[in-house]
$ cat structure.cif   # mmCIF, C-alpha atoms
data_protein
loop_
_atom_site.group_PDB
_atom_site.id
_atom_site.type_symbol
_atom_site.label_atom_id
_atom_site.label_comp_id
_atom_site.auth_asym_id
_atom_site.auth_seq_id
_atom_site.Cartn_x
_atom_site.Cartn_y
_atom_site.Cartn_z
ATOM 1 C CA MET A 1 27.060 -96.028 74.838
ATOM 2 C CA GLY A 2 25.183 -95.671 78.094
ATOM 3 C CA SER A 3 23.608 -92.342 77.113
ATOM 4 C CA GLY A 4 20.010 -93.519 77.396
ATOM 5 C CA LYS A 5 19.372 -93.296 73.645
ATOM 6 C CA THR A 6 16.967 -96.246 73.556
ATOM 7 C CA THR A 7 14.885 -94.979 76.463
ATOM 8 C CA VAL A 8 14.947 -91.334 75.369
ATOM 9 C CA GLY A 9 14.317 -92.270 71.730
ATOM 10 C CA ALA A 10 11.275 -94.344 72.666
ATOM 11 C CA PHE A 11 9.876 -91.441 74.711
ATOM 12 C CA VAL A 12 10.460 -88.978 71.855
ATOM 13 C CA ALA A 13 8.817 -91.306 69.323
ATOM 14 C CA GLN A 14 5.819 -91.823 71.585
ATOM 15 C CA ARG A 15 5.371 -88.093 72.188
ATOM 16 C CA MET A 16 5.654 -87.296 68.480
ATOM 17 C CA ASN A 17 3.607 -90.301 67.336
ATOM 18 C CA PHE A 18 6.481 -91.583 65.180
ATOM 19 C CA PRO A 19 7.757 -95.151 64.889
ATOM 20 C CA PHE A 20 10.870 -95.930 66.920
ATOM 21 C CA PHE A 21 13.799 -97.944 65.589
ATOM 22 C CA ASP A 22 16.781 -99.132 67.605
ATOM 23 C CA THR A 23 19.427 -100.492 65.252
ATOM 24 C CA ASP A 24 20.915 -102.789 67.907
ATOM 25 C CA HIS A 25 17.501 -104.350 68.572
ATOM 26 C CA ILE A 26 16.756 -104.725 64.854
ATOM 27 C CA ILE A 27 20.083 -106.500 64.306
ATOM 28 C CA GLU A 28 19.446 -108.787 67.278
ATOM 29 C CA LYS A 29 16.010 -109.664 65.929
ATOM 30 C CA LYS A 30 17.326 -110.342 62.408
ATOM 31 C CA THR A 31 20.257 -112.469 63.554
ATOM 32 C CA GLY A 32 18.716 -114.128 66.598
ATOM 33 C CA ARG A 33 21.854 -113.199 68.554
ATOM 34 C CA THR A 34 22.759 -110.492 71.025
ATOM 35 C CA VAL A 35 25.062 -107.648 70.063
ATOM 36 C CA SER A 36 27.583 -108.991 72.597
ATOM 37 C CA ASP A 37 27.509 -112.425 70.950
ATOM 38 C CA LEU A 38 27.926 -110.933 67.475
ATOM 39 C CA PHE A 39 30.978 -108.967 68.641
ATOM 40 C CA ALA A 40 32.459 -111.977 70.420
ATOM 41 C CA ASP A 41 31.840 -114.485 67.628
ATOM 42 C CA PHE A 42 32.354 -112.396 64.488
ATOM 43 C CA GLY A 43 34.135 -109.209 65.533
ATOM 44 C CA GLU A 44 33.422 -105.517 65.339
ATOM 45 C CA THR A 45 33.772 -105.210 61.547
ATOM 46 C CA TYR A 46 31.036 -107.808 61.004
ATOM 47 C CA PHE A 47 28.751 -105.993 63.424
ATOM 48 C CA ARG A 48 29.444 -102.553 61.899
ATOM 49 C CA ASP A 49 28.670 -103.971 58.429
ATOM 50 C CA ALA A 50 25.356 -105.344 59.726
ATOM 51 C CA GLU A 51 24.648 -102.016 61.420
ATOM 52 C CA THR A 52 25.221 -100.072 58.182
ATOM 53 C CA VAL A 53 22.942 -102.406 56.201
ATOM 54 C CA CYS A 54 20.284 -102.161 58.912
ATOM 55 C CA LEU A 55 20.439 -98.374 58.947
ATOM 56 C CA LYS A 56 20.238 -98.109 55.137
ATOM 57 C CA GLU A 57 17.286 -100.500 54.918
ATOM 58 C CA THR A 58 15.365 -98.844 57.732
ATOM 59 C CA VAL A 59 15.886 -95.310 56.408
ATOM 60 C CA GLN A 60 14.828 -96.425 52.900
ATOM 61 C CA ASN A 61 11.674 -98.128 54.187
ATOM 62 C CA TYR A 62 10.470 -95.422 56.568
ATOM 63 C CA HIS A 63 10.162 -91.737 55.792
ATOM 64 C CA GLN A 64 9.598 -90.660 59.380
ATOM 65 C CA GLY A 65 10.836 -92.094 62.604
ATOM 66 C CA ILE A 66 13.103 -91.786 65.574
ATOM 67 C CA PHE A 67 16.275 -93.859 65.351
ATOM 68 C CA ALA A 68 18.563 -94.943 68.186
ATOM 69 C CA LEU A 69 21.946 -95.792 66.713
ATOM 70 C CA GLY A 70 24.553 -97.957 68.349
ATOM 71 C CA GLY A 71 27.338 -96.032 70.044
ATOM 72 C CA GLY A 72 29.782 -96.696 67.215
ATOM 73 C CA ALA A 73 27.438 -96.265 64.234
ATOM 74 C CA LEU A 74 28.866 -92.852 63.430
ATOM 75 C CA LEU A 75 32.403 -94.236 63.142
ATOM 76 C CA ARG A 76 31.555 -94.769 59.486
ATOM 77 C CA ARG A 77 31.310 -91.672 57.344
ATOM 78 C CA GLU A 78 28.631 -93.292 55.150
ATOM 79 C CA ASN A 79 26.382 -93.655 58.208
ATOM 80 C CA GLN A 80 26.986 -90.019 59.165
ATOM 81 C CA VAL A 81 25.992 -88.874 55.668
ATOM 82 C CA LEU A 82 22.927 -91.129 55.552
ATOM 83 C CA VAL A 83 21.631 -89.888 58.891
ATOM 84 C CA LYS A 84 22.368 -86.219 58.173
ATOM 85 C CA ASN A 85 20.553 -86.480 54.822
ATOM 86 C CA SER A 86 17.540 -88.106 56.490
ATOM 87 C CA GLY A 87 16.808 -85.615 59.276
ATOM 88 C CA ALA A 88 18.194 -84.148 62.457
ATOM 89 C CA LEU A 89 21.048 -85.942 64.185
ATOM 90 C CA ILE A 90 20.748 -85.631 67.953
ATOM 91 C CA HIS A 91 23.617 -86.598 70.257
ATOM 92 C CA LEU A 92 22.945 -87.546 73.865
ATOM 93 C CA ALA A 93 26.094 -86.592 75.764
ATOM 94 C CA VAL A 94 27.128 -88.428 78.894
ATOM 95 C CA SER A 95 30.190 -88.141 81.131
ATOM 96 C CA HIS A 96 32.657 -90.974 81.590
ATOM 97 C CA ALA A 97 31.674 -91.312 85.249
ATOM 98 C CA GLU A 98 28.016 -91.662 84.320
ATOM 99 C CA ILE A 99 28.803 -94.200 81.588
ATOM 100 C CA ILE A 100 30.710 -96.290 84.108
ATOM 101 C CA ARG A 101 27.808 -96.060 86.557
ATOM 102 C CA ARG A 102 25.183 -96.986 83.956
ATOM 103 C CA ILE A 103 27.080 -99.684 82.100
ATOM 104 C CA GLY A 104 28.339 -101.237 85.290
ATOM 105 C CA ARG A 105 24.751 -102.362 85.856
ATOM 106 C CA ASP A 106 24.464 -104.011 82.422
ATOM 107 C CA GLY A 107 26.389 -107.201 81.732
ATOM 108 C CA ASN A 108 25.262 -107.364 78.093
ATOM 109 C CA ARG A 109 27.442 -104.533 76.766
ATOM 110 C CA PRO A 110 29.954 -105.235 73.992
ATOM 111 C CA LEU A 111 33.363 -103.577 74.045
ATOM 112 C CA TRP A 112 32.937 -102.859 77.764
ATOM 113 C CA ASP A 113 36.262 -102.632 79.501
ATOM 114 C CA ALA A 114 36.896 -99.704 81.827
ATOM 115 C CA ASP A 115 40.467 -99.377 80.518
ATOM 116 C CA ARG A 116 39.193 -98.939 76.937
ATOM 117 C CA LEU A 117 36.497 -96.353 77.667
ATOM 118 C CA ASP A 118 38.694 -93.324 76.928
ATOM 119 C CA ARG A 119 39.850 -94.770 73.596
ATOM 120 C CA LEU A 120 36.300 -95.684 72.582
ATOM 121 C CA MET A 121 34.963 -92.247 73.420
ATOM 122 C CA GLU A 122 37.847 -90.539 71.640
ATOM 123 C CA ALA A 123 37.313 -92.630 68.493
ATOM 124 C CA ARG A 124 33.589 -91.860 68.490
ATOM 125 C CA GLU A 125 33.926 -88.139 69.231
ATOM 126 C CA GLU A 126 34.327 -87.102 65.586
ATOM 127 C CA GLY A 127 31.013 -88.732 64.674
ATOM 128 C CA TYR A 128 29.280 -87.185 67.671
ATOM 129 C CA ARG A 129 30.490 -83.736 66.594
ATOM 130 C CA THR A 130 28.480 -84.072 63.366
ATOM 131 C CA ALA A 131 25.250 -83.873 65.389
ATOM 132 C CA ASP A 132 22.875 -80.993 64.776
ATOM 133 C CA ARG A 133 22.343 -80.684 68.531
ATOM 134 C CA SER A 134 23.765 -82.306 71.640
ATOM 135 C CA PHE A 135 21.884 -82.764 74.911
ATOM 136 C CA ASP A 136 23.576 -83.498 78.230
ATOM 137 C CA THR A 137 21.989 -86.481 79.982
ATOM 138 C CA ASP A 138 23.969 -86.430 83.242
ATOM 139 C CA GLY A 139 21.655 -85.735 86.158
ATOM 140 C CA PHE A 140 18.532 -85.591 83.997
ATOM 141 C CA THR A 141 15.715 -88.102 83.731
ATOM 142 C CA ALA A 142 15.067 -89.750 80.386
ATOM 143 C CA GLN A 143 11.685 -87.998 80.309
ATOM 144 C CA SER A 144 13.208 -84.533 80.763
ATOM 145 C CA VAL A 145 15.826 -85.184 78.062
ATOM 146 C CA ALA A 146 13.068 -86.439 75.745
ATOM 147 C CA ASP A 147 11.056 -83.276 76.424
ATOM 148 C CA ALA A 148 14.055 -81.140 75.437
ATOM 149 C CA VAL A 149 14.615 -83.183 72.270
ATOM 150 C CA VAL A 150 10.946 -82.877 71.265
ATOM 151 C CA ARG A 151 11.083 -79.105 71.817
ATOM 152 C CA TYR A 152 14.159 -78.927 69.594
ATOM 153 C CA ILE A 153 12.607 -81.029 66.824
ATOM 154 C CA MET A 154 9.348 -79.075 66.910
ATOM 155 C CA ASN A 155 11.100 -75.671 66.998
ATOM 156 C CA PRO A 156 14.474 -75.987 65.264
ATOM 157 C CA PRO A 157 16.779 -72.966 65.403
ATOM 158 C CA GLY A 158 16.343 -70.511 62.578
ATOM 159 C CA ILE A 159 12.656 -71.227 62.126
ATOM 160 C CA GLU A 160 10.405 -68.745 63.852
ATOM 161 C CA LYS A 161 6.837 -69.514 64.876
ATOM 162 C CA LYS A 162 4.173 -67.102 63.673
#
$ encode --input "structure.cif" --output "structure tokens"
Amino acid sequence: MGSGKTTVGAFVAQRMNFPFFDTDHIIEKKTGRTVSDLFADFGETYFRDAETVCLKETVQNYHQGIFALGGGALLRRENQVLVKNSGALIHLAVSHAEIIRRIGRDGNRPLWDADRLDRLMEAREEGYRTADRSFDTDGFTAQSVADAVVRYIMNPPGIEKK
């Protein structure tokens, strides 16, 4: 939520010549409704079900790609397992202050209520901890974060270049 995953993910995909998939955008395209509208009209469980189906279908249909997952996608263990079995899971970390600054500019965010931010972040923390690598985004441009992610993907720890 507010980490820059769509922007950074698109940059990483472009630099690596991989397709880019944003689960929120795929769901919006399939349903013809915004994520905010889906949350408001059908609730979070409906959206999370759609998100899980979207993730499964996309992973099954594409063997390579960069995926931007919605901020709560990793709340479900089955999504964590699917992603971990499909490749590297990268977490883009962002401070609460930066989330407030970024999201405050975007009126289309579901679940956005400043009083609920701490609870949302706490609930999502367990899923974020399953990441193979976390990158801080505070104070960095999307391009510089993407560069760091590409370097990590191209040279994962434990694999030495010859």
$ closest_residue --input "structure.cif" --among "A:Gln80, A:Thr130, A:Gln143, A:Asn61" --to "Lys5 in chain A" --atoms "all atoms listed in the file"
A:Gln143
$ closest_residue --input "structure.cif" --among "A:Ala73, A:Arg101, A:Pro156, A:Tyr62" --to "Ser86 in chain A" --atoms "only C-alpha atoms"
A:Tyr62
$ residues_near_point --input "structure.cif" --point "(28.0, -93.1, 58.0)" --cutoff "12 Å" --atoms "only C-alpha atoms" --output "PyMOL selection string"
chain A and resi 48-49+51-56+69-70+72-86+89+124+126-128+130
$ resolve_selection --input "structure.cif" --expression "the PyMOL selection byres ((chain A and resi 3) around 10)" --output "VMD selection string"
chain A and resid 1 to 2 4 to 8 71 91 to 95 98 to 99 102 to 103 135 to 138 142
$ resolve_selection --input "structure.cif" --expression "the PyMOL selection byres ((chain A and resi 35) around 8)" --output "list in words"
Asp24, Ile27, Glu28, Arg33, Thr34, Ser36, Asp37, Leu38, Phe39, Phe47, Arg109 and Pro110 of chain A
$ closest_residue --input "structure.cif" --among "A:Asp147, A:Asp22, A:Glu125, A:Asp132" --to "Val59 in chain A" --atoms "only C-alpha atoms"
A:Asp22
$ closest_residue --input "structure.cif" --among "A:Arg133, A:Tyr152, A:Pro19, A:Ile100" --to "Arg116 in chain A" --atoms "only C-alpha atoms"
A:Ile100
$ axis_aligned_box --input "structure.cif" --around "range 47-55 of chain A" --padding-each-side "8 Å" --output "lines of an AutoDock Vina configuration file"
center_x = 24.9
center_y = -102.2
center_z = 59.8
size_x = 25.2
size_y = 23.6
size_z = 23.2
$ closest_residue --input "structure.cif" --among "A:Ala50, A:Met16, A:Met121, A:Val150" --to "Thr31 in chain A" --atoms "only C-alpha atoms"
A:Ala50
$ atom_distance --input "structure.cif" --atom1 "CA of Arg151 in chain A" --atom2 "CA of His96 in chain A"
26.5 Å
$ residues_near_point --input "structure.cif" --point "(11.6, -98.4, 67.7)" --cutoff "8 Å" --atoms "only C-alpha atoms" --output "mmCIF file with C-alpha atoms, keeping the file's coordinate frame"
data_model
loop_
_atom_site.group_PDB
_atom_site.id
_atom_site.type_symbol
_atom_site.label_atom_id
_atom_site.label_comp_id
_atom_site.auth_asym_id
_atom_site.auth_seq_id
_atom_site.Cartn_x
_atom_site.Cartn_y
_atom_site.Cartn_z
ATOM 1 C CA GLY A 9 14.317 -92.270 71.730
ATOM 2 C CA ALA A 10 11.275 -94.344 72.666
ATOM 3 C CA ALA A 13 8.817 -91.306 69.323
ATOM 4 C CA PRO A 19 7.757 -95.151 64.889
ATOM 5 C CA PHE A 20 10.870 -95.930 66.920
ATOM 6 C CA PHE A 21 13.799 -97.944 65.589
ATOM 7 C CA ASP A 22 16.781 -99.132 67.605
ATOM 8 C CA ILE A 66 13.103 -91.786 65.574
ATOM 9 C CA PHE A 67 16.275 -93.859 65.351
ATOM 10 C CA ALA A 68 18.563 -94.943 68.186
#
$ atom_distance --input "structure.cif" --atom1 "CA of Gly65 in chain A" --atom2 "CA of Ala88 in chain A"
10.8 Å
$ atom_distance --input "structure.cif" --atom1 "CA of Ala146 in chain A" --atom2 "CA of Leu120 in chain A"
25.2 Å
$ decode --input "structure.cif" --residues "range 7-41 of chain A" --atoms "N, CA and C atoms" --output "mmCIF file, in the first residue's frame"
data_model
loop_
_atom_site.group_PDB
_atom_site.id
_atom_site.type_symbol
_atom_site.label_atom_id
_atom_site.label_comp_id
_atom_site.auth_asym_id
_atom_site.auth_seq_id
_atom_site.Cartn_x
_atom_site.Cartn_y
_atom_site.Cartn_z
ATOM 1 N N THR A 7 4.745 1.150 -9.994
ATOM 2 C CA THR A 7 5.756 1.912 -10.733
ATOM 3 C C THR A 7 7.082 1.169 -10.771
ATOM 4 N N VAL A 8 7.540 0.708 -9.618
ATOM 5 C CA VAL A 8 8.816 -0.020 -9.556
ATOM 6 C C VAL A 8 8.718 -1.314 -10.363
ATOM 7 N N GLY A 9 7.630 -2.043 -10.205
ATOM 8 C CA GLY A 9 7.454 -3.297 -10.942
ATOM 9 C C GLY A 9 7.498 -3.099 -12.441
ATOM 10 N N ALA A 10 6.859 -2.039 -12.922
ATOM 11 C CA ALA A 10 6.882 -1.749 -14.364
ATOM 12 C C ALA A 10 8.300 -1.438 -14.831
ATOM 13 N N PHE A 11 9.046 -0.682 -14.038
ATOM 14 C CA PHE A 11 10.447 -0.389 -14.389
ATOM 15 C C PHE A 11 11.284 -1.668 -14.422
ATOM 16 N N VAL A 12 11.119 -2.523 -13.426
ATOM 17 C CA VAL A 12 11.884 -3.774 -13.367
ATOM 18 C C VAL A 12 11.551 -4.641 -14.584
ATOM 19 N N ALA A 13 10.271 -4.783 -14.886
ATOM 20 C CA ALA A 13 9.856 -5.597 -16.032
ATOM 21 C C ALA A 13 10.443 -5.064 -17.335
ATOM 22 N N GLN A 14 10.405 -3.749 -17.485
ATOM 23 C CA GLN A 14 10.951 -3.136 -18.700
ATOM 24 C C GLN A 14 12.449 -3.412 -18.806
ATOM 25 N N ARG A 15 13.168 -3.224 -17.726
ATOM 26 C CA ARG A 15 14.624 -3.418 -17.744
ATOM 27 C C ARG A 15 15.012 -4.873 -17.985
ATOM 28 N N MET A 16 14.168 -5.798 -17.541
ATOM 29 C CA MET A 16 14.485 -7.219 -17.691
ATOM 30 C C MET A 16 13.803 -7.849 -18.904
ATOM 31 N N ASN A 17 13.018 -7.048 -19.613
ATOM 32 C CA ASN A 17 12.277 -7.514 -20.784
ATOM 33 C C ASN A 17 11.318 -8.654 -20.424
ATOM 34 N N PHE A 18 10.626 -8.493 -19.301
ATOM 35 C CA PHE A 18 9.616 -9.438 -18.841
ATOM 36 C C PHE A 18 8.254 -8.758 -18.912
ATOM 37 N N PRO A 19 7.179 -9.540 -19.031
ATOM 38 C CA PRO A 19 5.851 -8.932 -18.930
ATOM 39 C C PRO A 19 5.603 -8.470 -17.492
ATOM 40 N N PHE A 20 4.756 -7.467 -17.357
ATOM 41 C CA PHE A 20 4.416 -6.926 -16.043
ATOM 42 C C PHE A 20 2.939 -7.147 -15.783
ATOM 43 N N PHE A 21 2.618 -7.614 -14.583
ATOM 44 C CA PHE A 21 1.240 -7.879 -14.194
ATOM 45 C C PHE A 21 0.959 -7.213 -12.855
ATOM 46 N N ASP A 22 -0.073 -6.408 -12.813
ATOM 47 C CA ASP A 22 -0.520 -5.783 -11.572
ATOM 48 C C ASP A 22 -1.879 -6.391 -11.254
ATOM 49 N N THR A 23 -1.967 -7.154 -10.178
ATOM 50 C CA THR A 23 -3.208 -7.869 -9.893
ATOM 51 C C THR A 23 -4.399 -6.927 -9.714
ATOM 52 N N ASP A 24 -4.190 -5.772 -9.104
ATOM 53 C CA ASP A 24 -5.296 -4.818 -8.959
ATOM 54 C C ASP A 24 -5.814 -4.383 -10.327
ATOM 55 N N HIS A 25 -4.915 -4.083 -11.247
ATOM 56 C CA HIS A 25 -5.321 -3.637 -12.584
ATOM 57 C C HIS A 25 -6.006 -4.759 -13.363
ATOM 58 N N ILE A 26 -5.524 -5.981 -13.212
ATOM 59 C CA ILE A 26 -6.149 -7.119 -13.893
ATOM 60 C C ILE A 26 -7.575 -7.307 -13.385
ATOM 61 N N ILE A 27 -7.758 -7.234 -12.079
ATOM 62 C CA ILE A 27 -9.093 -7.387 -11.490
ATOM 63 C C ILE A 27 -10.014 -6.269 -11.969
ATOM 64 N N GLU A 28 -9.508 -5.048 -12.001
ATOM 65 C CA GLU A 28 -10.326 -3.929 -12.484
ATOM 66 C C GLU A 28 -10.743 -4.142 -13.937
ATOM 67 N N LYS A 29 -9.825 -4.631 -14.745
ATOM 68 C CA LYS A 29 -10.136 -4.864 -16.157
ATOM 69 C C LYS A 29 -11.175 -5.974 -16.310
ATOM 70 N N LYS A 30 -11.023 -7.051 -15.539
ATOM 71 C CA LYS A 30 -11.955 -8.181 -15.630
ATOM 72 C C LYS A 30 -13.356 -7.818 -15.150
ATOM 73 N N THR A 31 -13.423 -7.016 -14.091
ATOM 74 C CA THR A 31 -14.727 -6.704 -13.495
ATOM 75 C C THR A 31 -15.350 -5.424 -14.035
ATOM 76 N N GLY A 32 -14.534 -4.570 -14.642
ATOM 77 C CA GLY A 32 -15.043 -3.282 -15.102
ATOM 78 C C GLY A 32 -15.315 -2.320 -13.959
ATOM 79 N N ARG A 33 -14.742 -2.595 -12.790
ATOM 80 C CA ARG A 33 -14.953 -1.756 -11.609
ATOM 81 C C ARG A 33 -13.616 -1.480 -10.949
ATOM 82 N N THR A 34 -13.552 -0.376 -10.228
ATOM 83 C CA THR A 34 -12.324 -0.048 -9.506
ATOM 84 C C THR A 34 -12.215 -0.911 -8.251
ATOM 85 N N VAL A 35 -11.003 -1.036 -7.752
ATOM 86 C CA VAL A 35 -10.786 -1.769 -6.508
ATOM 87 C C VAL A 35 -11.614 -1.134 -5.392
ATOM 88 N N SER A 36 -11.625 0.186 -5.333
ATOM 89 C CA SER A 36 -12.413 0.888 -4.300
ATOM 90 C C SER A 36 -13.883 0.520 -4.382
ATOM 91 N N ASP A 37 -14.429 0.473 -5.600
ATOM 92 C CA ASP A 37 -15.838 0.112 -5.774
ATOM 93 C C ASP A 37 -16.095 -1.335 -5.362
ATOM 94 N N LEU A 38 -15.184 -2.230 -5.708
ATOM 95 C CA LEU A 38 -15.348 -3.635 -5.326
ATOM 96 C C LEU A 38 -15.361 -3.789 -3.807
ATOM 97 N N PHE A 39 -14.462 -3.082 -3.121
ATOM 98 C CA PHE A 39 -14.447 -3.119 -1.656
ATOM 99 C C PHE A 39 -15.752 -2.556 -1.099
ATOM 100 N N ALA A 40 -16.164 -1.417 -1.617
ATOM 101 C CA ALA A 40 -17.358 -0.747 -1.090
ATOM 102 C C ALA A 40 -18.625 -1.561 -1.340
ATOM 103 N N ASP A 41 -18.742 -2.145 -2.526
ATOM 104 C CA ASP A 41 -19.977 -2.829 -2.901
ATOM 105 C C ASP A 41 -20.050 -4.290 -2.456
#
